[in-house]
>>> print(open('data_26.txt').read())   # compact mmCIF, N, CA and C atoms
# COMPACT_ATOMS: atom_id res chain seq x y z
N ARG A 413 -82.64 5.88 72.95
CA ARG A 413 -82.96 5.69 71.55
C ARG A 413 -82.90 4.23 71.19
N GLN A 414 -83.70 3.89 70.25
CA GLN A 414 -83.79 2.50 69.85
C GLN A 414 -82.80 2.20 68.73
N LEU A 415 -81.88 1.28 68.97
CA LEU A 415 -80.84 0.94 68.00
C LEU A 415 -81.31 -0.07 66.98
N HIS A 416 -82.31 -0.88 67.34
CA HIS A 416 -82.71 -1.96 66.44
C HIS A 416 -84.11 -1.72 65.88
N ASP A 417 -84.40 -2.40 64.79
CA ASP A 417 -85.70 -2.38 64.16
C ASP A 417 -86.69 -3.11 65.07
N LYS A 418 -87.86 -2.54 65.28
CA LYS A 418 -88.85 -3.14 66.19
C LYS A 418 -89.30 -4.53 65.75
N LEU A 419 -89.38 -4.76 64.46
CA LEU A 419 -89.89 -6.04 63.98
C LEU A 419 -88.83 -7.13 63.92
N SER A 420 -87.63 -6.78 63.46
CA SER A 420 -86.63 -7.82 63.25
C SER A 420 -85.65 -7.97 64.41
N CYS A 421 -85.57 -6.97 65.29
CA CYS A 421 -84.63 -6.95 66.42
C CYS A 421 -83.18 -6.95 65.96
N TRP A 422 -82.93 -6.61 64.69
CA TRP A 422 -81.57 -6.48 64.18
C TRP A 422 -81.16 -5.01 64.25
N PRO A 423 -79.87 -4.75 64.47
CA PRO A 423 -79.42 -3.35 64.46
C PRO A 423 -79.82 -2.69 63.14
N SER A 424 -80.25 -1.45 63.23
CA SER A 424 -80.76 -0.75 62.06
C SER A 424 -80.27 0.69 62.07
N VAL A 425 -79.78 1.15 60.92
CA VAL A 425 -79.32 2.51 60.77
C VAL A 425 -80.05 3.11 59.57
N VAL A 426 -80.48 4.36 59.71
CA VAL A 426 -81.22 5.03 58.65
C VAL A 426 -80.26 5.79 57.73
N LEU A 427 -80.45 5.64 56.43
CA LEU A 427 -79.72 6.41 55.44
C LEU A 427 -80.72 7.24 54.67
N LEU A 428 -80.61 8.56 54.80
CA LEU A 428 -81.44 9.48 54.02
C LEU A 428 -80.53 10.13 52.98
N ALA A 429 -81.02 10.27 51.77
CA ALA A 429 -80.21 10.90 50.73
C ALA A 429 -81.09 11.74 49.81
N VAL A 430 -80.46 12.74 49.20
CA VAL A 430 -81.10 13.58 48.19
C VAL A 430 -80.24 13.48 46.94
N CYS A 431 -80.89 13.17 45.81
CA CYS A 431 -80.13 13.13 44.56
C CYS A 431 -80.82 14.02 43.54
N ASP A 432 -80.09 14.32 42.47
CA ASP A 432 -80.67 15.12 41.39
C ASP A 432 -81.22 14.21 40.30
N ALA A 433 -81.72 14.79 39.24
CA ALA A 433 -82.33 14.02 38.15
C ALA A 433 -81.31 13.18 37.39
N ASP A 434 -80.02 13.46 37.58
CA ASP A 434 -78.96 12.70 36.91
C ASP A 434 -78.39 11.60 37.81
N TYR A 435 -79.09 11.25 38.88
CA TYR A 435 -78.72 10.18 39.79
C TYR A 435 -77.46 10.49 40.60
N VAL A 436 -77.14 11.75 40.77
CA VAL A 436 -75.98 12.15 41.57
C VAL A 436 -76.47 12.51 42.97
N ILE A 437 -75.89 11.85 43.99
CA ILE A 437 -76.27 12.16 45.37
C ILE A 437 -75.70 13.52 45.74
N ARG A 438 -76.58 14.42 46.15
CA ARG A 438 -76.19 15.78 46.51
C ARG A 438 -76.10 15.99 48.01
N HIS A 439 -76.77 15.14 48.77
CA HIS A 439 -76.76 15.27 50.23
C HIS A 439 -77.13 13.92 50.83
N PHE A 440 -76.50 13.57 51.93
CA PHE A 440 -76.91 12.34 52.61
C PHE A 440 -76.73 12.50 54.11
N ASN A 441 -77.48 11.70 54.84
CA ASN A 441 -77.44 11.65 56.29
C ASN A 441 -77.45 10.18 56.67
N VAL A 442 -76.40 9.72 57.28
CA VAL A 442 -76.31 8.32 57.67
C VAL A 442 -75.94 8.24 59.14
N GLY A 443 -76.48 7.25 59.82
CA GLY A 443 -76.08 7.02 61.20
C GLY A 443 -77.16 7.21 62.23
N SER A 444 -78.35 7.69 61.84
CA SER A 444 -79.43 7.81 62.81
C SER A 444 -79.97 6.43 63.13
N PHE A 445 -80.43 6.25 64.35
CA PHE A 445 -80.95 4.95 64.77
C PHE A 445 -82.22 4.59 64.01
N GLY A 446 -82.38 3.30 63.75
CA GLY A 446 -83.52 2.80 62.99
C GLY A 446 -84.86 2.96 63.66
N GLY A 447 -84.90 3.19 64.96
CA GLY A 447 -86.16 3.37 65.66
C GLY A 447 -86.75 4.75 65.49
N ARG A 448 -86.04 5.66 64.81
CA ARG A 448 -86.52 7.03 64.61
C ARG A 448 -87.23 7.14 63.26
N SER A 449 -88.16 8.07 63.16
CA SER A 449 -88.89 8.25 61.90
C SER A 449 -88.04 9.05 60.91
N ASP A 450 -88.29 8.81 59.62
CA ASP A 450 -87.58 9.57 58.58
C ASP A 450 -87.86 11.06 58.72
N GLY A 451 -89.11 11.42 58.98
CA GLY A 451 -89.47 12.82 59.13
C GLY A 451 -88.78 13.48 60.30
N GLY A 452 -88.64 12.76 61.41
CA GLY A 452 -87.94 13.30 62.58
C GLY A 452 -86.46 13.51 62.31
N ILE A 453 -85.86 12.58 61.61
CA ILE A 453 -84.44 12.71 61.25
C ILE A 453 -84.26 13.89 60.30
N TRP A 454 -85.15 14.00 59.31
CA TRP A 454 -85.08 15.07 58.32
C TRP A 454 -85.24 16.44 58.99
N SER A 455 -86.12 16.54 59.99
CA SER A 455 -86.34 17.83 60.65
C SER A 455 -85.12 18.29 61.45
N GLU A 456 -84.25 17.36 61.82
CA GLU A 456 -83.03 17.72 62.54
C GLU A 456 -81.80 17.79 61.62
N ASP A 457 -81.97 17.36 60.38
CA ASP A 457 -80.88 17.37 59.41
C ASP A 457 -80.60 18.82 58.98
N ARG A 458 -79.35 19.11 58.67
CA ARG A 458 -78.96 20.46 58.27
C ARG A 458 -79.71 20.92 57.02
N LEU A 459 -79.83 20.06 56.02
CA LEU A 459 -80.56 20.42 54.80
C LEU A 459 -82.04 20.60 55.10
N GLY A 460 -82.62 19.69 55.87
CA GLY A 460 -84.04 19.80 56.22
C GLY A 460 -84.35 21.09 56.97
N ARG A 461 -83.50 21.43 57.94
CA ARG A 461 -83.69 22.68 58.68
C ARG A 461 -83.54 23.90 57.77
N GLY A 462 -82.55 23.85 56.88
CA GLY A 462 -82.32 24.97 55.97
C GLY A 462 -83.46 25.19 55.00
N LEU A 463 -84.06 24.10 54.52
CA LEU A 463 -85.22 24.22 53.64
C LEU A 463 -86.42 24.78 54.40
N ALA A 464 -86.64 24.27 55.61
CA ALA A 464 -87.80 24.71 56.41
C ALA A 464 -87.70 26.18 56.78
N SER A 465 -86.52 26.65 57.11
CA SER A 465 -86.35 28.04 57.55
C SER A 465 -86.24 29.02 56.39
N GLY A 466 -85.98 28.53 55.18
CA GLY A 466 -85.78 29.41 54.04
C GLY A 466 -84.35 29.91 53.92
N GLU A 467 -83.51 29.51 54.85
CA GLU A 467 -82.12 29.97 54.89
C GLU A 467 -81.36 29.57 53.61
N LEU A 468 -81.60 28.36 53.11
CA LEU A 468 -80.89 27.91 51.91
C LEU A 468 -81.28 28.73 50.69
N ARG A 469 -82.53 29.13 50.62
CA ARG A 469 -83.01 29.97 49.52
C ARG A 469 -82.33 31.33 49.58
N GLU A 470 -82.27 31.90 50.77
CA GLU A 470 -81.67 33.22 50.95
C GLU A 470 -80.18 33.21 50.61
N GLN A 471 -79.50 32.12 50.89
CA GLN A 471 -78.07 32.03 50.63
C GLN A 471 -77.75 31.59 49.21
N GLY A 472 -78.77 31.31 48.40
CA GLY A 472 -78.55 30.95 47.01
C GLY A 472 -78.25 29.49 46.77
N PHE A 473 -78.44 28.61 47.77
CA PHE A 473 -78.19 27.19 47.58
C PHE A 473 -79.31 26.51 46.78
N ILE A 474 -80.49 27.11 46.81
CA ILE A 474 -81.60 26.60 46.00
C ILE A 474 -81.68 27.52 44.78
N PRO A 475 -81.58 26.96 43.58
CA PRO A 475 -81.63 27.81 42.38
C PRO A 475 -82.95 28.57 42.29
N ALA A 476 -82.90 29.71 41.64
CA ALA A 476 -84.10 30.51 41.42
C ALA A 476 -85.04 29.75 40.48
N ALA A 477 -86.29 30.14 40.50
CA ALA A 477 -87.27 29.53 39.60
C ALA A 477 -86.84 29.74 38.15
N GLU A 478 -87.10 28.73 37.32
CA GLU A 478 -86.69 28.77 35.92
C GLU A 478 -87.86 28.41 35.02
N PRO A 479 -87.80 28.84 33.74
CA PRO A 479 -88.82 28.38 32.79
C PRO A 479 -88.69 26.89 32.55
N LEU A 480 -89.77 26.27 32.16
CA LEU A 480 -89.75 24.85 31.82
C LEU A 480 -88.87 24.61 30.60
N PRO A 481 -88.27 23.42 30.48
CA PRO A 481 -87.48 23.11 29.28
C PRO A 481 -88.33 23.28 28.01
N GLY A 482 -87.76 23.90 27.00
CA GLY A 482 -88.49 24.15 25.75
C GLY A 482 -89.27 25.44 25.76
N ASP A 483 -89.30 26.15 26.90
CA ASP A 483 -90.02 27.42 27.02
C ASP A 483 -89.05 28.48 27.52
N GLU A 484 -87.97 28.69 26.76
CA GLU A 484 -86.92 29.61 27.18
C GLU A 484 -87.41 31.05 27.37
N GLU A 485 -88.49 31.41 26.67
CA GLU A 485 -89.03 32.77 26.82
C GLU A 485 -89.84 32.91 28.10
N GLY A 486 -90.20 31.81 28.73
CA GLY A 486 -90.96 31.87 29.98
C GLY A 486 -92.43 32.17 29.79
N ARG A 487 -93.01 31.85 28.64
CA ARG A 487 -94.43 32.12 28.39
C ARG A 487 -95.33 31.35 29.34
N LEU A 488 -94.87 30.17 29.77
CA LEU A 488 -95.68 29.35 30.67
C LEU A 488 -95.41 29.65 32.14
N GLY A 489 -94.59 30.62 32.39
CA GLY A 489 -94.22 30.96 33.76
C GLY A 489 -92.96 30.22 34.18
N THR A 490 -92.63 30.31 35.44
CA THR A 490 -91.44 29.66 35.96
C THR A 490 -91.80 28.58 36.96
N VAL A 491 -90.86 27.68 37.21
CA VAL A 491 -91.09 26.57 38.12
C VAL A 491 -89.98 26.57 39.17
N ASN A 492 -90.37 26.42 40.42
CA ASN A 492 -89.40 26.32 41.51
C ASN A 492 -88.74 24.95 41.53
N HIS A 493 -87.62 24.84 42.20
CA HIS A 493 -86.96 23.57 42.44
C HIS A 493 -87.48 23.01 43.76
N TYR A 494 -87.69 21.68 43.80
CA TYR A 494 -88.28 21.04 44.97
C TYR A 494 -87.52 19.79 45.37
N VAL A 495 -87.66 19.44 46.62
CA VAL A 495 -87.26 18.13 47.12
C VAL A 495 -88.55 17.33 47.22
N VAL A 496 -88.56 16.11 46.68
CA VAL A 496 -89.75 15.27 46.69
C VAL A 496 -89.56 14.17 47.74
N GLY A 497 -90.49 14.06 48.66
CA GLY A 497 -90.44 13.05 49.71
C GLY A 497 -91.71 12.22 49.72
N ASP A 498 -91.86 11.41 50.75
CA ASP A 498 -93.08 10.62 50.90
C ASP A 498 -93.86 11.13 52.10
N ASP A 499 -94.86 10.37 52.53
CA ASP A 499 -95.74 10.83 53.62
C ASP A 499 -95.03 11.02 54.96
N ALA A 500 -93.83 10.50 55.11
CA ALA A 500 -93.10 10.64 56.37
C ALA A 500 -92.63 12.07 56.60
N PHE A 501 -92.62 12.88 55.55
CA PHE A 501 -92.06 14.23 55.64
C PHE A 501 -93.16 15.28 55.69
N LYS A 502 -92.83 16.40 56.34
CA LYS A 502 -93.77 17.51 56.41
C LYS A 502 -93.83 18.22 55.06
N LEU A 503 -94.97 18.80 54.77
CA LEU A 503 -95.13 19.62 53.58
C LEU A 503 -94.60 21.01 53.91
N LEU A 504 -93.53 21.40 53.25
CA LEU A 504 -92.87 22.68 53.50
C LEU A 504 -92.58 23.36 52.16
N PRO A 505 -92.26 24.66 52.19
CA PRO A 505 -91.83 25.29 50.94
C PRO A 505 -90.62 24.53 50.39
N HIS A 506 -90.61 24.29 49.13
CA HIS A 506 -89.54 23.56 48.42
C HIS A 506 -89.50 22.08 48.78
N CYS A 507 -90.52 21.56 49.43
CA CYS A 507 -90.63 20.12 49.71
C CYS A 507 -92.03 19.67 49.28
N MET A 508 -92.09 18.69 48.40
CA MET A 508 -93.38 18.18 47.95
C MET A 508 -93.55 16.74 48.38
N LYS A 509 -94.79 16.36 48.67
CA LYS A 509 -95.11 14.98 49.02
C LYS A 509 -96.47 14.65 48.45
N PRO A 510 -96.79 13.36 48.33
CA PRO A 510 -98.07 12.99 47.73
C PRO A 510 -99.27 13.40 48.57
N TYR A 511 -100.39 13.60 47.89
CA TYR A 511 -101.66 13.82 48.58
C TYR A 511 -102.04 12.52 49.28
N SER A 512 -102.73 12.63 50.41
CA SER A 512 -103.19 11.43 51.11
C SER A 512 -104.71 11.50 51.27
N GLY A 513 -105.27 10.39 51.68
CA GLY A 513 -106.72 10.33 51.86
C GLY A 513 -107.44 10.16 50.54
N LYS A 514 -108.68 10.61 50.48
CA LYS A 514 -109.47 10.52 49.25
C LYS A 514 -108.95 11.58 48.27
N VAL A 515 -108.53 11.13 47.09
CA VAL A 515 -107.92 12.06 46.14
C VAL A 515 -108.70 12.08 44.82
N SER A 516 -108.70 13.24 44.19
CA SER A 516 -109.36 13.40 42.89
C SER A 516 -108.44 12.84 41.79
N LYS A 517 -108.93 12.84 40.58
CA LYS A 517 -108.13 12.34 39.45
C LYS A 517 -106.88 13.21 39.26
N THR A 518 -107.01 14.51 39.40
CA THR A 518 -105.87 15.42 39.28
C THR A 518 -104.85 15.16 40.37
N MET A 519 -105.32 14.95 41.59
CA MET A 519 -104.41 14.65 42.71
C MET A 519 -103.71 13.31 42.49
N ARG A 520 -104.44 12.33 41.97
CA ARG A 520 -103.86 11.02 41.70
C ARG A 520 -102.77 11.14 40.63
N THR A 521 -103.00 11.97 39.61
CA THR A 521 -101.99 12.21 38.58
C THR A 521 -100.76 12.87 39.18
N THR A 522 -100.98 13.84 40.06
CA THR A 522 -99.86 14.49 40.73
C THR A 522 -99.08 13.48 41.57
N ASN A 523 -99.78 12.63 42.31
CA ASN A 523 -99.11 11.60 43.11
C ASN A 523 -98.28 10.67 42.23
N TYR A 524 -98.81 10.31 41.08
CA TYR A 524 -98.08 9.45 40.15
C TYR A 524 -96.80 10.13 39.69
N ARG A 525 -96.88 11.39 39.34
CA ARG A 525 -95.70 12.13 38.87
C ARG A 525 -94.67 12.31 39.99
N LEU A 526 -95.14 12.54 41.19
CA LEU A 526 -94.21 12.64 42.32
C LEU A 526 -93.53 11.30 42.57
N SER A 527 -94.28 10.20 42.44
CA SER A 527 -93.67 8.89 42.66
C SER A 527 -92.65 8.58 41.57
N ARG A 528 -92.89 9.05 40.36
CA ARG A 528 -91.90 8.89 39.28
C ARG A 528 -90.63 9.66 39.62
N GLY A 529 -90.78 10.84 40.20
CA GLY A 529 -89.62 11.62 40.63
C GLY A 529 -88.85 10.92 41.73
N ARG A 530 -89.57 10.29 42.65
CA ARG A 530 -88.92 9.56 43.74
C ARG A 530 -88.21 8.31 43.26
N MET A 531 -88.58 7.79 42.10
CA MET A 531 -87.91 6.60 41.56
C MET A 531 -86.42 6.84 41.34
N THR A 532 -86.03 8.08 41.12
CA THR A 532 -84.62 8.40 40.92
C THR A 532 -83.81 7.99 42.13
N ILE A 533 -84.23 8.39 43.31
CA ILE A 533 -83.47 8.06 44.52
C ILE A 533 -83.61 6.57 44.83
N GLU A 534 -84.74 5.97 44.51
CA GLU A 534 -84.90 4.52 44.72
C GLU A 534 -83.87 3.76 43.88
N CYS A 535 -83.65 4.20 42.65
CA CYS A 535 -82.65 3.56 41.78
C CYS A 535 -81.25 3.75 42.33
N VAL A 536 -80.98 4.94 42.88
CA VAL A 536 -79.66 5.19 43.48
C VAL A 536 -79.45 4.27 44.67
N PHE A 537 -80.47 4.11 45.53
CA PHE A 537 -80.35 3.21 46.67
C PHE A 537 -80.16 1.76 46.23
N TRP A 538 -80.90 1.34 45.21
CA TRP A 538 -80.77 -0.02 44.70
C TRP A 538 -79.35 -0.25 44.21
N SER A 539 -78.80 0.69 43.48
CA SER A 539 -77.44 0.58 42.97
C SER A 539 -76.43 0.52 44.12
N PHE A 540 -76.66 1.33 45.15
CA PHE A 540 -75.78 1.37 46.32
C PHE A 540 -75.79 0.03 47.06
N VAL A 541 -76.98 -0.50 47.31
CA VAL A 541 -77.10 -1.77 48.02
C VAL A 541 -76.50 -2.91 47.21
N THR A 542 -76.75 -2.91 45.92
CA THR A 542 -76.19 -3.94 45.04
C THR A 542 -74.67 -3.91 45.09
N THR A 543 -74.10 -2.73 45.09
CA THR A 543 -72.64 -2.59 45.16
C THR A 543 -72.11 -3.10 46.50
N LEU A 544 -72.83 -2.83 47.58
CA LEU A 544 -72.39 -3.32 48.89
C LEU A 544 -72.47 -4.83 48.98
N GLU A 545 -73.52 -5.41 48.38
CA GLU A 545 -73.69 -6.87 48.46
C GLU A 545 -72.69 -7.62 47.59
N ASN A 546 -72.29 -7.04 46.48
CA ASN A 546 -71.36 -7.71 45.56
C ASN A 546 -70.38 -6.70 44.99
N PRO A 547 -69.40 -6.25 45.78
CA PRO A 547 -68.49 -5.18 45.33
C PRO A 547 -67.66 -5.55 44.10
N LYS A 548 -67.38 -6.82 43.88
CA LYS A 548 -66.55 -7.20 42.73
C LYS A 548 -67.26 -7.01 41.41
N SER A 549 -68.59 -6.97 41.42
CA SER A 549 -69.34 -6.81 40.17
C SER A 549 -69.53 -5.34 39.80
N SER A 550 -69.12 -4.42 40.66
CA SER A 550 -69.32 -3.00 40.37
C SER A 550 -68.08 -2.40 39.73
N ASP A 551 -68.24 -1.22 39.19
CA ASP A 551 -67.11 -0.50 38.59
C ASP A 551 -66.17 0.03 39.67
N TYR A 552 -66.63 0.07 40.92
CA TYR A 552 -65.85 0.67 42.00
C TYR A 552 -65.09 -0.35 42.83
N GLY A 553 -65.35 -1.64 42.62
CA GLY A 553 -64.75 -2.67 43.45
C GLY A 553 -63.48 -3.13 42.91
>>> encode(input="data_26.txt", output="structure tokens")
Amino acid sequence: RQLHDKLSCWPSVVLLAVCDADYVIRHFNVGSFGGRSDGGIWSEDRLGRGLASGELREQGFIPAAEPLPGDEEGRLGTVNHYVVGDDAFKLLPHCMKPYSGKVSKTMRTTNYRLSRGRMTIECVFWSFVTTLENPKSSDYG
């Protein structure tokens, strides 16, 4: 296995994390070598395997579909809970990723909304890295 990044030749470790809409990390995987793909690491991760097999749904770890906020009667139907990833991940039940290739206006809108959802974890990572770089400026240092 490759321990370092191919371009920089510096040791590299992959950190994968899943957070909720409130910026709370719910799952993380740290320690895989940087030469591996995110999708490959995710497919071997306990959460990734559980989502792919449906086991987490069966055990009740994934909440049941719910009505959209403001539609408590469920007139608009229900919506499943999803993990949002990027192109490195496989498209699986309960996992969404952007459309690729030539996309229509509707697909482009969907990609935009998925990228907005992914901004949550990007903000969590930014906060984490900032804390590591300057621990005295954080609330935890």
>>> atom_distance(input="data_26.txt", atom1="atom CA of Ser512 of chain A", atom2="atom CA of Ser449 of chain A")
18.2 Å
>>> atom_distance(input="data_26.txt", atom1="atom CA of Val436 of chain A", atom2="atom C of Trp454 of chain A")
20.2 Å
>>> residues_around(input="data_26.txt", residues="Gly513 of chain A", least_positions_apart="5", cutoff="12 Å", atoms="only C-alpha atoms", output="count of residues only")
4
>>> select_by_dssp(input="data_26.txt", residues="segment 415-553 of chain A", states="alpha helix (DSSP H)", output="count of residues only")
48
>>> atom_distance(input="data_26.txt", atom1="atom CA of Lys514 of chain A", atom2="atom CA of Gly529 of chain A")
21.7 Å
>>> residues_around(input="data_26.txt", residues="Leu428 of chain A", least_positions_apart="4", cutoff="7 Å", atoms="only N, CA and C atoms", output="PyMOL selection string")
chain A and resi 439-443
>>> write_last_selection(input="data_26.txt", atoms="N, CA and C atoms", output="PDB file, in the coordinates of the input")
ATOM      1  N   HIS A 439     -76.770  15.140  48.770  1.00  0.00           N
ATOM      2  CA  HIS A 439     -76.760  15.270  50.230  1.00  0.00           C
ATOM      3  C   HIS A 439     -77.130  13.920  50.830  1.00  0.00           C
ATOM      4  N   PHE A 440     -76.500  13.570  51.930  1.00  0.00           N
ATOM      5  CA  PHE A 440     -76.910  12.340  52.610  1.00  0.00           C
ATOM      6  C   PHE A 440     -76.730  12.500  54.110  1.00  0.00           C
ATOM      7  N   ASN A 441     -77.480  11.700  54.840  1.00  0.00           N
ATOM      8  CA  ASN A 441     -77.440  11.650  56.290  1.00  0.00           C
ATOM      9  C   ASN A 441     -77.450  10.180  56.670  1.00  0.00           C
ATOM     10  N   VAL A 442     -76.400   9.720  57.280  1.00  0.00           N
ATOM     11  CA  VAL A 442     -76.310   8.320  57.670  1.00  0.00           C
ATOM     12  C   VAL A 442     -75.940   8.240  59.140  1.00  0.00           C
ATOM     13  N   GLY A 443     -76.480   7.250  59.820  1.00  0.00           N
ATOM     14  CA  GLY A 443     -76.080   7.020  61.200  1.00  0.00           C
ATOM     15  C   GLY A 443     -77.160   7.210  62.230  1.00  0.00           C
TER      16      GLY A 443
END
>>> residues_near_point(input="data_26.txt", point="(-90.0, 30.0, 37.7)", cutoff="10 Å", atoms="only C-alpha atoms", output="list in words")
Pro475, Ala476, Ala477, Glu478, Pro479, Leu480, Gly486, Leu488, Gly489, Thr490, Val491, Asn492 and His493 of chain A
>>> residues_near_point(input="data_26.txt", point="(-77.9, 4.8, 60.5)", cutoff="7 Å", atoms="all atoms listed in the file", output="mmCIF file with N, CA and C atoms, in the frame of the given file")
data_model
loop_
_atom_site.group_PDB
_atom_site.id
_atom_site.type_symbol
_atom_site.label_atom_id
_atom_site.label_comp_id
_atom_site.auth_asym_id
_atom_site.auth_seq_id
_atom_site.Cartn_x
_atom_site.Cartn_y
_atom_site.Cartn_z
ATOM 1 N N SER A 424 -80.250 -1.450 63.230
ATOM 2 C CA SER A 424 -80.760 -0.750 62.060
ATOM 3 C C SER A 424 -80.270 0.690 62.070
ATOM 4 N N VAL A 425 -79.780 1.150 60.920
ATOM 5 C CA VAL A 425 -79.320 2.510 60.770
ATOM 6 C C VAL A 425 -80.050 3.110 59.570
ATOM 7 N N VAL A 426 -80.480 4.360 59.710
ATOM 8 C CA VAL A 426 -81.220 5.030 58.650
ATOM 9 C C VAL A 426 -80.260 5.790 57.730
ATOM 10 N N LEU A 427 -80.450 5.640 56.430
ATOM 11 C CA LEU A 427 -79.720 6.410 55.440
ATOM 12 C C LEU A 427 -80.720 7.240 54.670
ATOM 13 N N ASN A 441 -77.480 11.700 54.840
ATOM 14 C CA ASN A 441 -77.440 11.650 56.290
ATOM 15 C C ASN A 441 -77.450 10.180 56.670
ATOM 16 N N VAL A 442 -76.400 9.720 57.280
ATOM 17 C CA VAL A 442 -76.310 8.320 57.670
ATOM 18 C C VAL A 442 -75.940 8.240 59.140
ATOM 19 N N GLY A 443 -76.480 7.250 59.820
ATOM 20 C CA GLY A 443 -76.080 7.020 61.200
ATOM 21 C C GLY A 443 -77.160 7.210 62.230
ATOM 22 N N SER A 444 -78.350 7.690 61.840
ATOM 23 C CA SER A 444 -79.430 7.810 62.810
ATOM 24 C C SER A 444 -79.970 6.430 63.130
ATOM 25 N N PHE A 445 -80.430 6.250 64.350
ATOM 26 C CA PHE A 445 -80.950 4.950 64.770
ATOM 27 C C PHE A 445 -82.220 4.590 64.010
ATOM 28 N N GLY A 446 -82.380 3.300 63.750
ATOM 29 C CA GLY A 446 -83.520 2.800 62.990
ATOM 30 C C GLY A 446 -84.860 2.960 63.660
#
>>> select_by_dssp(input="data_26.txt", residues="segment 451-547 of chain A", states="strand (DSSP E)", output="list in words")
Glu478, Pro479, Thr490, Val491, Val495, Val496, Cys507 and Met508 of chain A
>>> closest_residue(input="data_26.txt", among="A:Ile437, A:Leu463, A:Ile474, A:Leu526", to="Val496 of chain A", atoms="all atoms listed in the file")
A:Leu526
>>> residues_around(input="data_26.txt", residues="Phe537 of chain A", least_positions_apart="4", cutoff="10 Å", atoms="only C-alpha atoms", output="JSON, numbers by chain")
{"A": [427, 428, 429, 435, 437, 531, 532, 533, 541, 542, 543]}
>>> closest_residue(input="data_26.txt", among="A:Phe473, A:Tyr511, A:Tyr494, A:Phe501", to="Ser455 of chain A", atoms="all atoms listed in the file")
A:Phe501
>>> build_atoms(input="data_26.txt", residues="segment 462-474 of chain A", atoms="N, CA, C and O atoms", output="mmCIF file, keeping the file's coordinate frame")
data_model
loop_
_atom_site.group_PDB
_atom_site.id
_atom_site.type_symbol
_atom_site.label_atom_id
_atom_site.label_comp_id
_atom_site.auth_asym_id
_atom_site.auth_seq_id
_atom_site.Cartn_x
_atom_site.Cartn_y
_atom_site.Cartn_z
ATOM 1 N N GLY A 462 -82.550 23.850 56.880
ATOM 2 C CA GLY A 462 -82.320 24.970 55.970
ATOM 3 C C GLY A 462 -83.460 25.190 55.000
ATOM 4 O O GLY A 462 -83.825 26.320 54.686
ATOM 5 N N LEU A 463 -84.060 24.100 54.520
ATOM 6 C CA LEU A 463 -85.220 24.220 53.640
ATOM 7 C C LEU A 463 -86.420 24.780 54.400
ATOM 8 O O LEU A 463 -87.148 25.638 53.902
ATOM 9 N N ALA A 464 -86.640 24.270 55.610
ATOM 10 C CA ALA A 464 -87.800 24.710 56.410
ATOM 11 C C ALA A 464 -87.700 26.180 56.780
ATOM 12 O O ALA A 464 -88.706 26.897 56.763
ATOM 13 N N SER A 465 -86.520 26.650 57.110
ATOM 14 C CA SER A 465 -86.350 28.040 57.550
ATOM 15 C C SER A 465 -86.240 29.020 56.390
ATOM 16 O O SER A 465 -86.375 30.223 56.591
ATOM 17 N N GLY A 466 -85.980 28.530 55.180
ATOM 18 C CA GLY A 466 -85.780 29.410 54.040
ATOM 19 C C GLY A 466 -84.350 29.910 53.920
ATOM 20 O O GLY A 466 -84.006 30.657 53.014
ATOM 21 N N GLU A 467 -83.510 29.510 54.850
ATOM 22 C CA GLU A 467 -82.120 29.970 54.890
ATOM 23 C C GLU A 467 -81.360 29.570 53.610
ATOM 24 O O GLU A 467 -80.583 30.356 53.070
ATOM 25 N N LEU A 468 -81.600 28.360 53.110
ATOM 26 C CA LEU A 468 -80.890 27.910 51.910
ATOM 27 C C LEU A 468 -81.280 28.730 50.690
ATOM 28 O O LEU A 468 -80.460 28.995 49.822
ATOM 29 N N ARG A 469 -82.530 29.130 50.620
ATOM 30 C CA ARG A 469 -83.010 29.970 49.520
ATOM 31 C C ARG A 469 -82.330 31.330 49.580
ATOM 32 O O ARG A 469 -81.855 31.839 48.566
ATOM 33 N N GLU A 470 -82.270 31.900 50.770
ATOM 34 C CA GLU A 470 -81.670 33.220 50.950
ATOM 35 C C GLU A 470 -80.180 33.210 50.610
ATOM 36 O O GLU A 470 -79.656 34.191 50.092
ATOM 37 N N GLN A 471 -79.500 32.120 50.890
ATOM 38 C CA GLN A 471 -78.070 32.030 50.630
ATOM 39 C C GLN A 471 -77.750 31.590 49.210
ATOM 40 O O GLN A 471 -76.588 31.483 48.843
ATOM 41 N N GLY A 472 -78.770 31.310 48.400
ATOM 42 C CA GLY A 472 -78.550 30.950 47.010
ATOM 43 C C GLY A 472 -78.250 29.490 46.770
ATOM 44 O O GLY A 472 -77.835 29.118 45.665
ATOM 45 N N PHE A 473 -78.440 28.610 47.770
ATOM 46 C CA PHE A 473 -78.190 27.190 47.580
ATOM 47 C C PHE A 473 -79.310 26.510 46.780
ATOM 48 O O PHE A 473 -79.101 25.477 46.174
ATOM 49 N N ILE A 474 -80.490 27.110 46.810
ATOM 50 C CA ILE A 474 -81.600 26.600 46.000
ATOM 51 C C ILE A 474 -81.680 27.520 44.780
ATOM 52 O O ILE A 474 -81.820 28.737 44.929
#
